[in-house]
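> This is the structure I have questions about; it appears just below.
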Amino acid sequence: MTRREFLTALAGLALIGIGGYPFIRRWLLASTEELSLPAKPTVPWNGRTRSFQFDIRSGEVNLGNGTRFTGYLINQQFPGPEIHVTEGDRVQVTVKNGLDKPLTVHWHGVNVPNPMDGVPGITQNPILPGQQFTYDFVASPSGTRWYHSHVYELDEIPNGLFGPLIIHSTSTEPYTSDREETLIFSTWGYSTTPGNLPTYGMMGGMGSGMGMGSGMMKSASPNLTYLVNGKVPSALNGIPIPPGAKLRLRLINASATESFLLQADHTNLLITHTDGNPLLKPQAVSELYMAPAERYDVILTPNQSGTWYLRSTLVGQDSIRIPFITQGQVSPSLVASVPAWSYLNLAAANGVLPPADHIFQLTLSGGMMGSSQWTINGASYPNSVPLRVRKGERIRIEMFNMSMMEHPMHLHGHTFQVTSFNGRILGSPLLKDTVDVLPMQRCTIDFMANNPGNWFFHCHNLQHMMGGLATVVEYQDYPLPHVDKWM
C-alpha cells in the first residue's frame, strides 16, 4: 500500500490517544488574556525585494582549536551567512547545489507559502547536485529566525548548512537595547552516512537525565564538539559591553540533538522574545534552558568589570563559556532572586480555554531499550496518521510525552500558542514554533489554520525525527504530498 492510499483510507478517521491518557480539556483553569494568534500567516508585501544567492560547496572548516574538517560552506562561510531583512520584504534566495548530494533549505519559523518550505517529499523535490532552486517568500513574522537543510539533516546541518535569519520589525521594538549580537549554538562530531542513522549512538540529547524541569538534571551527550557561531567558545573574541549598557542577544539553538542551560556571571537574563515572538511582559530569569531549534532573545546588563561569561552549566558542557568584556567602572549590585525559565512561569490562576474547532491527541513515545524507533500514536513516519484540518479552523494539539527523552516539537508554516503545560494553563501569551515537551509531561498548543498546504510537524532532535517522530498537518482540498523519506 502506498502512503497516498494509506492517507485516503484513513482520511475519515479521528485521531485517538493511546493507553487511555486523560488529555487536557476545556474544563481546566485557563488564561483570562485574549489569545493573540495571528489571523493571517504573513504580512503584505511592502514592494521591496531582497535577493540573495547561496553557493553551497564542500570546503575546509577551521573550528579555532586546531580541528579542521571538510564541511559544507554557504558562500564560503561556516555556518552560513547571517541574513537581515525587514518584515514585509520579498525575499528571493537562489540556492546553487555544488555538493555531491541533494539538499533543500527550510526557513525555520517563517510562515512561507507551502512550496517554499523546503521539505523534500512534502513541499518540493530535493535540489540535486548541479541544480539550483529559488526560494521566494514574504519575510514574516518579524524576529529571530534561522534556516537549515532538510535533507540528511544529521549530516548536512552539523557540517554547515544552517545560519541565522533576522527579520526586523517595522514597528518600534517593545524592549530597548543599546546593541545586539547573534549567538548560534551548534554541535559537531556526529558520525553518519547520508540517509542512515548515526553510528554516534542513540543516547544523543538524553545524557544521564530527563531534562530540566522534570525533577532530574540532564547531562550532555559525549563525543561532541560544542560550537558558537561556528567556533569552539575558547576561540571567540570577547563581546564588548560598556557599563550600564543593555546588550540584546539573539540566541539560536541549531544543535541536532543537544539542549543548553545558560547562566550569566553575576547577573540575570531578561527574556524578551521566544522563538522570535515578543512576550507580553519580559521575564527575568536566573538560568535559561534552550532545547534544539528554540530561540530566545535576552537582554544582558553587566554587573562587573573585566571579563565575564555566559556559560552552559549542564554536565559535560564546561567548554561553553562565551566571553564578554566590560571596560570601565561598574558598581556591582545585589542580583535579584528570580526563578529559572520555565513555560510555567506564565501559568494562570483561573479562566477557561477558548473553544477549538478541532482537537488532536498525540502520544509521543519510543526509544525503549535503546531502540532508534520513535512514534506518534504508535506509528512511525511516514506511517503516522496525518492531522487533517480545514482553512479557518482553530486547531488544538494535545501532546503527552510517554518516553524518557525530551521532544522539541516544531510545526512548519505556523505560529502557535502554548496554552497549557503539564496540566496548567498559561495566562500570558507564549507564541512559538517549537515547544519542548519533557519526559512524562503534557503540553497543549493552539494555532489558526491560515496557511494552506502540507506542513511537517516533528521532533527537532534530529535522531528522533529520523527515527519516525513526525507527522504532517494536511489541509483538506490541498493536493496530497508524495512522500519520499529523504530524512
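Every chain in the C-alpha cells takes a letter, A first, then B, and so on in the order presented; its residues are numbered from 1, and the ligands are numbered from 1 following the presented order.
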Would you kindly return, as a ChimeraX atom specification, each protein, DNA or RNA residue with an atom no farther than 8 Å from any atom of stretch 51-55 of chain A, considering only C-alpha atoms and excluding same-chain residues fewer than 6 positions away?
/A:73-76,91-98
> Produce a file of the selected residues containing N, CA, C and O atoms, as an mmCIF file, in the first residue's frame.

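Now in selection_27.cif:
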data_model
loop_
_atom_site.group_PDB
_atom_site.id
_atom_site.type_symbol
_atom_site.label_atom_id
_atom_site.label_comp_id
_atom_site.auth_asym_id
_atom_site.auth_seq_id
_atom_site.Cartn_x
_atom_site.Cartn_y
_atom_site.Cartn_z
ATOM 1 N N LEU A 73 29.950 24.571 2.997
ATOM 2 C CA LEU A 73 30.043 26.019 3.120
ATOM 3 C C LEU A 73 28.964 26.694 2.289
ATOM 4 O O LEU A 73 28.654 26.257 1.177
ATOM 5 N N ILE A 74 28.376 27.732 2.837
ATOM 6 C CA ILE A 74 27.451 28.588 2.100
ATOM 7 C C ILE A 74 28.175 29.896 1.842
ATOM 8 O O ILE A 74 28.527 30.611 2.786
ATOM 9 N N ASN A 75 28.454 30.182 0.594
ATOM 10 C CA ASN A 75 29.231 31.378 0.219
ATOM 11 C C ASN A 75 30.556 31.411 0.978
ATOM 12 O O ASN A 75 30.983 32.460 1.489
ATOM 13 N N GLN A 76 31.189 30.246 1.075
ATOM 14 C CA GLN A 76 32.487 30.078 1.733
ATOM 15 C C GLN A 76 32.441 30.325 3.239
ATOM 16 O O GLN A 76 33.489 30.528 3.866
ATOM 17 N N VAL A 91 11.618 38.161 -0.225
ATOM 18 C CA VAL A 91 12.948 37.556 -0.132
ATOM 19 C C VAL A 91 13.076 36.488 -1.219
ATOM 20 O O VAL A 91 12.240 35.587 -1.319
ATOM 21 N N GLN A 92 14.118 36.604 -2.024
ATOM 22 C CA GLN A 92 14.407 35.615 -3.058
ATOM 23 C C GLN A 92 15.820 35.090 -2.830
ATOM 24 O O GLN A 92 16.785 35.859 -2.869
ATOM 25 N N VAL A 93 15.918 33.808 -2.564
ATOM 26 C CA VAL A 93 17.215 33.175 -2.302
ATOM 27 C C VAL A 93 17.421 32.068 -3.328
ATOM 28 O O VAL A 93 16.695 31.075 -3.330
ATOM 29 N N THR A 94 18.386 32.248 -4.201
ATOM 30 C CA THR A 94 18.721 31.227 -5.189
ATOM 31 C C THR A 94 19.811 30.335 -4.615
ATOM 32 O O THR A 94 20.913 30.796 -4.300
ATOM 33 N N VAL A 95 19.490 29.060 -4.467
ATOM 34 C CA VAL A 95 20.396 28.081 -3.872
ATOM 35 C C VAL A 95 21.007 27.250 -4.993
ATOM 36 O O VAL A 95 20.287 26.581 -5.743
ATOM 37 N N LYS A 96 22.330 27.301 -5.108
ATOM 38 C CA LYS A 96 23.059 26.505 -6.088
ATOM 39 C C LYS A 96 23.755 25.361 -5.362
ATOM 40 O O LYS A 96 24.571 25.588 -4.468
ATOM 41 N N ASN A 97 23.430 24.134 -5.751
ATOM 42 C CA ASN A 97 23.962 22.954 -5.081
ATOM 43 C C ASN A 97 25.244 22.491 -5.763
ATOM 44 O O ASN A 97 25.218 21.865 -6.817
ATOM 45 N N GLY A 98 26.369 22.807 -5.121
ATOM 46 C CA GLY A 98 27.654 22.359 -5.616
ATOM 47 C C GLY A 98 28.185 21.145 -4.886
ATOM 48 O O GLY A 98 29.370 20.808 -5.023
#
> Could you go through stretch 139-320 of chain A and tell me which residues DSSP, when run on the backbone, assigns to strand (DSSP E or B), listing them as a PyMOL selection string?
chain A and resi 143-148+162-168+179-188+219+225-228+231+239-240+247-253+260-264+267+269-274+277-285+288-290+295-300+306-312+315
> List the spatial neighbours of stretch 320-326 of chain A as an MDAnalysis selection string - criterion: any atom at most 7 Å away, only C-alpha atoms, same-chain residues fewer than 3 positions off excluded.
chainID A and resid 226 233 238:243 305:312 317
> Show me, as a PDB file with N, CA, C and O atoms, in the first residue's frame, the residues that have an atom within 10 Å of A:Ser337 when counting only C-alpha atoms, minus same-chain residues fewer than 3 positions from it.

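Done, and the output landed in around15.pdb:
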ATOM      1  N   ASN A 268      21.309  38.465  35.978  1.00  0.00           N
ATOM      2  CA  ASN A 268      20.202  37.669  35.458  1.00  0.00           C
ATOM      3  C   ASN A 268      20.023  37.913  33.969  1.00  0.00           C
ATOM      4  O   ASN A 268      20.591  38.857  33.392  1.00  0.00           O
ATOM      5  N   ALA A 284      12.512  38.067  33.862  1.00  0.00           N
ATOM      6  CA  ALA A 284      13.856  37.971  34.431  1.00  0.00           C
ATOM      7  C   ALA A 284      14.046  36.566  34.983  1.00  0.00           C
ATOM      8  O   ALA A 284      13.223  36.071  35.760  1.00  0.00           O
ATOM      9  N   VAL A 285      15.125  35.903  34.562  1.00  0.00           N
ATOM     10  CA  VAL A 285      15.359  34.519  34.971  1.00  0.00           C
ATOM     11  C   VAL A 285      16.817  34.359  35.377  1.00  0.00           C
ATOM     12  O   VAL A 285      17.711  35.070  34.904  1.00  0.00           O
ATOM     13  N   SER A 286      17.050  33.370  36.262  1.00  0.00           N
ATOM     14  CA  SER A 286      18.410  33.079  36.707  1.00  0.00           C
ATOM     15  C   SER A 286      19.138  32.184  35.718  1.00  0.00           C
ATOM     16  O   SER A 286      20.371  32.230  35.628  1.00  0.00           O
ATOM     17  N   LEU A 334      23.270  43.887  44.094  1.00  0.00           N
ATOM     18  CA  LEU A 334      22.785  42.582  44.531  1.00  0.00           C
ATOM     19  C   LEU A 334      21.937  41.975  43.427  1.00  0.00           C
ATOM     20  O   LEU A 334      21.020  42.612  42.911  1.00  0.00           O
ATOM     21  N   ALA A 340      14.341  30.136  37.570  1.00  0.00           N
ATOM     22  CA  ALA A 340      14.820  29.684  36.277  1.00  0.00           C
ATOM     23  C   ALA A 340      13.681  29.762  35.263  1.00  0.00           C
ATOM     24  O   ALA A 340      12.503  29.776  35.634  1.00  0.00           O
TER      25      ALA A 340
END
> Using only C-alpha atoms, which residues of stretch 368-413 of chain A come within 10 Å of stretch 106-124 of chain A, and what is the closest atom pair for each, with the distance in Å to one decimal? Give it as JSON lines, sorted by chain and residue number.

{"residue": "A:His410", "atom": "CA", "partner": "A:Gly109", "partner_atom": "CA", "distance": 8.9}
{"residue": "A:Leu411", "atom": "CA", "partner": "A:Gly109", "partner_atom": "CA", "distance": 8.5}
{"residue": "A:His412", "atom": "CA", "partner": "A:Gly109", "partner_atom": "CA", "distance": 7.1}
{"residue": "A:Gly413", "atom": "CA", "partner": "A:Asn111", "partner_atom": "CA", "distance": 4.4}
> I'd like the neighbourhood of stretch 180-191 of chain A as an mmCIF file with all heavy atoms, in the first residue's frame, where a residue qualifies if any of its atoms comes within 6 Å (using only C-alpha atoms), though same-chain residues fewer than 3 positions away should be ignored.

data_model
loop_
_atom_site.group_PDB
_atom_site.id
_atom_site.type_symbol
_atom_site.label_atom_id
_atom_site.label_comp_id
_atom_site.auth_asym_id
_atom_site.auth_seq_id
_atom_site.Cartn_x
_atom_site.Cartn_y
_atom_site.Cartn_z
ATOM 1 N N PRO A 158 24.855 19.775 11.007
ATOM 2 C CA PRO A 158 26.063 19.956 11.830
ATOM 3 C C PRO A 158 27.301 20.328 11.018
ATOM 4 O O PRO A 158 28.195 21.011 11.526
ATOM 5 C CB PRO A 158 26.235 18.596 12.504
ATOM 6 C CG PRO A 158 24.883 17.983 12.504
ATOM 7 C CD PRO A 158 24.260 18.436 11.218
ATOM 8 N N PRO A 198 22.913 7.804 12.709
ATOM 9 C CA PRO A 198 24.330 7.944 13.029
ATOM 10 C C PRO A 198 24.864 6.754 13.806
ATOM 11 O O PRO A 198 24.156 6.110 14.562
ATOM 12 C CB PRO A 198 24.360 9.211 13.891
ATOM 13 C CG PRO A 198 23.018 9.244 14.528
ATOM 14 C CD PRO A 198 22.068 8.699 13.489
ATOM 15 N N THR A 199 26.147 6.518 13.646
ATOM 16 C CA THR A 199 26.795 5.490 14.447
ATOM 17 C C THR A 199 27.202 6.035 15.800
ATOM 18 O O THR A 199 27.632 5.286 16.670
ATOM 19 C CB THR A 199 28.045 4.966 13.724
ATOM 20 O OG1 THR A 199 28.935 6.067 13.485
ATOM 21 C CG2 THR A 199 27.655 4.350 12.388
ATOM 22 N N TYR A 200 27.033 7.339 15.981
ATOM 23 C CA TYR A 200 27.412 8.013 17.221
ATOM 24 C C TYR A 200 26.645 7.475 18.416
ATOM 25 O O TYR A 200 27.136 7.453 19.525
ATOM 26 C CB TYR A 200 27.183 9.511 17.025
ATOM 27 C CG TYR A 200 26.744 10.318 18.202
ATOM 28 C CD1 TYR A 200 27.633 10.653 19.214
ATOM 29 C CD2 TYR A 200 25.432 10.776 18.282
ATOM 30 C CE1 TYR A 200 27.224 11.418 20.280
ATOM 31 C CE2 TYR A 200 25.032 11.538 19.342
ATOM 32 C CZ TYR A 200 25.924 11.862 20.343
ATOM 33 O OH TYR A 200 25.508 12.624 21.392
ATOM 34 N N LEU A 224 30.898 14.991 21.444
ATOM 35 C CA LEU A 224 30.515 16.080 20.557
ATOM 36 C C LEU A 224 31.378 17.300 20.834
ATOM 37 O O LEU A 224 31.841 17.515 21.956
ATOM 38 C CB LEU A 224 29.044 16.448 20.751
ATOM 39 C CG LEU A 224 28.008 15.424 20.300
ATOM 40 C CD1 LEU A 224 26.602 15.896 20.662
ATOM 41 C CD2 LEU A 224 28.117 15.155 18.806
ATOM 42 N N THR A 225 31.570 18.114 19.808
ATOM 43 C CA THR A 225 32.251 19.399 19.950
ATOM 44 C C THR A 225 31.199 20.496 19.919
ATOM 45 O O THR A 225 30.384 20.562 18.989
ATOM 46 C CB THR A 225 33.270 19.612 18.822
ATOM 47 O OG1 THR A 225 34.253 18.576 18.870
ATOM 48 C CG2 THR A 225 33.960 20.955 18.960
ATOM 49 N N TYR A 226 31.209 21.347 20.934
ATOM 50 C CA TYR A 226 30.215 22.419 21.048
ATOM 51 C C TYR A 226 30.758 23.688 20.403
ATOM 52 O O TYR A 226 31.901 24.092 20.655
ATOM 53 C CB TYR A 226 29.866 22.661 22.519
ATOM 54 C CG TYR A 226 29.187 21.471 23.149
ATOM 55 C CD1 TYR A 226 29.920 20.527 23.867
ATOM 56 C CD2 TYR A 226 27.822 21.268 22.988
ATOM 57 C CE1 TYR A 226 29.298 19.416 24.414
ATOM 58 C CE2 TYR A 226 27.195 20.162 23.531
ATOM 59 C CZ TYR A 226 27.945 19.240 24.247
ATOM 60 O OH TYR A 226 27.325 18.138 24.778
ATOM 61 N N LEU A 227 29.912 24.292 19.571
ATOM 62 C CA LEU A 227 30.318 25.463 18.804
ATOM 63 C C LEU A 227 29.363 26.627 19.054
ATOM 64 O O LEU A 227 28.177 26.424 19.295
ATOM 65 C CB LEU A 227 30.343 25.136 17.313
ATOM 66 C CG LEU A 227 31.156 23.916 16.867
ATOM 67 C CD1 LEU A 227 30.981 23.693 15.374
ATOM 68 C CD2 LEU A 227 32.621 24.080 17.235
ATOM 69 N N VAL A 228 29.897 27.826 18.962
ATOM 70 C CA VAL A 228 29.098 29.048 18.981
ATOM 71 C C VAL A 228 29.573 29.889 17.797
ATOM 72 O O VAL A 228 30.766 30.202 17.686
ATOM 73 C CB VAL A 228 29.256 29.825 20.300
ATOM 74 C CG1 VAL A 228 28.440 31.119 20.253
ATOM 75 C CG2 VAL A 228 28.840 28.966 21.487
ATOM 76 N N ASN A 229 28.666 30.220 16.914
ATOM 77 C CA ASN A 229 28.987 30.943 15.685
ATOM 78 C C ASN A 229 30.099 30.232 14.898
ATOM 79 O O ASN A 229 30.968 30.859 14.292
ATOM 80 C CB ASN A 229 29.377 32.385 15.984
ATOM 81 C CG ASN A 229 28.203 33.204 16.507
ATOM 82 O OD1 ASN A 229 27.056 32.764 16.458
ATOM 83 N ND2 ASN A 229 28.471 34.390 17.024
ATOM 84 N N LEU A 247 22.638 44.894 26.336
ATOM 85 C CA LEU A 247 23.012 44.106 25.169
ATOM 86 C C LEU A 247 21.929 43.090 24.879
ATOM 87 O O LEU A 247 21.592 42.257 25.730
ATOM 88 C CB LEU A 247 24.338 43.382 25.417
ATOM 89 C CG LEU A 247 24.793 42.410 24.332
ATOM 90 C CD1 LEU A 247 25.076 43.143 23.023
ATOM 91 C CD2 LEU A 247 26.014 41.625 24.786
ATOM 92 N N ARG A 248 21.365 43.140 23.666
ATOM 93 C CA ARG A 248 20.379 42.155 23.236
ATOM 94 C C ARG A 248 21.106 40.993 22.563
ATOM 95 O O ARG A 248 21.846 41.184 21.602
ATOM 96 C CB ARG A 248 19.393 42.780 22.261
ATOM 97 C CG ARG A 248 18.356 41.803 21.693
ATOM 98 C CD ARG A 248 17.440 42.519 20.727
ATOM 99 N NE ARG A 248 16.378 41.665 20.215
ATOM 100 C CZ ARG A 248 15.365 42.109 19.445
ATOM 101 N NH1 ARG A 248 15.300 43.393 19.119
ATOM 102 N NH2 ARG A 248 14.433 41.281 19.021
ATOM 103 N N LEU A 249 20.899 39.799 23.095
ATOM 104 C CA LEU A 249 21.442 38.593 22.498
ATOM 105 C C LEU A 249 20.332 37.821 21.817
ATOM 106 O O LEU A 249 19.308 37.528 22.430
ATOM 107 C CB LEU A 249 22.101 37.710 23.566
ATOM 108 C CG LEU A 249 23.344 38.246 24.266
ATOM 109 C CD1 LEU A 249 23.824 37.245 25.306
ATOM 110 C CD2 LEU A 249 24.459 38.535 23.264
ATOM 111 N N ARG A 250 20.539 37.516 20.547
ATOM 112 C CA ARG A 250 19.630 36.625 19.825
ATOM 113 C C ARG A 250 20.244 35.226 19.889
ATOM 114 O O ARG A 250 21.265 34.957 19.237
ATOM 115 C CB ARG A 250 19.456 37.085 18.380
ATOM 116 C CG ARG A 250 18.817 38.484 18.235
ATOM 117 C CD ARG A 250 18.691 38.846 16.773
ATOM 118 N NE ARG A 250 18.152 40.179 16.543
ATOM 119 C CZ ARG A 250 16.861 40.452 16.350
ATOM 120 N NH1 ARG A 250 15.981 39.457 16.354
ATOM 121 N NH2 ARG A 250 16.452 41.689 16.139
ATOM 122 N N LEU A 251 19.662 34.367 20.705
ATOM 123 C CA LEU A 251 20.197 33.037 20.949
ATOM 124 C C LEU A 251 19.451 32.024 20.094
ATOM 125 O O LEU A 251 18.217 31.962 20.129
ATOM 126 C CB LEU A 251 20.054 32.670 22.425
ATOM 127 C CG LEU A 251 20.639 33.667 23.441
ATOM 128 C CD1 LEU A 251 20.303 33.229 24.859
ATOM 129 C CD2 LEU A 251 22.139 33.803 23.257
ATOM 130 N N ILE A 252 20.184 31.217 19.331
ATOM 131 C CA ILE A 252 19.605 30.216 18.434
ATOM 132 C C ILE A 252 20.244 28.868 18.738
ATOM 133 O O ILE A 252 21.470 28.751 18.725
ATOM 134 C CB ILE A 252 19.852 30.578 16.953
ATOM 135 C CG1 ILE A 252 19.296 31.970 16.622
ATOM 136 C CG2 ILE A 252 19.251 29.523 16.031
ATOM 137 C CD1 ILE A 252 19.699 32.479 15.235
ATOM 138 N N ASN A 253 19.427 27.869 19.012
ATOM 139 C CA ASN A 253 19.954 26.518 19.217
ATOM 140 C C ASN A 253 19.812 25.737 17.920
ATOM 141 O O ASN A 253 18.736 25.235 17.588
ATOM 142 C CB ASN A 253 19.224 25.799 20.349
ATOM 143 C CG ASN A 253 19.869 24.460 20.671
ATOM 144 O OD1 ASN A 253 20.754 23.995 19.952
ATOM 145 N ND2 ASN A 253 19.419 23.823 21.739
ATOM 146 N N ALA A 254 20.910 25.632 17.187
ATOM 147 C CA ALA A 254 20.930 24.896 15.921
ATOM 148 C C ALA A 254 21.502 23.496 16.093
ATOM 149 O O ALA A 254 21.782 22.819 15.088
ATOM 150 C CB ALA A 254 21.744 25.666 14.881
ATOM 151 N N SER A 255 21.667 23.034 17.337
ATOM 152 C CA SER A 255 22.201 21.690 17.549
ATOM 153 C C SER A 255 21.227 20.644 17.049
ATOM 154 O O SER A 255 20.011 20.791 17.176
ATOM 155 C CB SER A 255 22.486 21.456 19.035
ATOM 156 O OG SER A 255 22.836 20.103 19.270
#
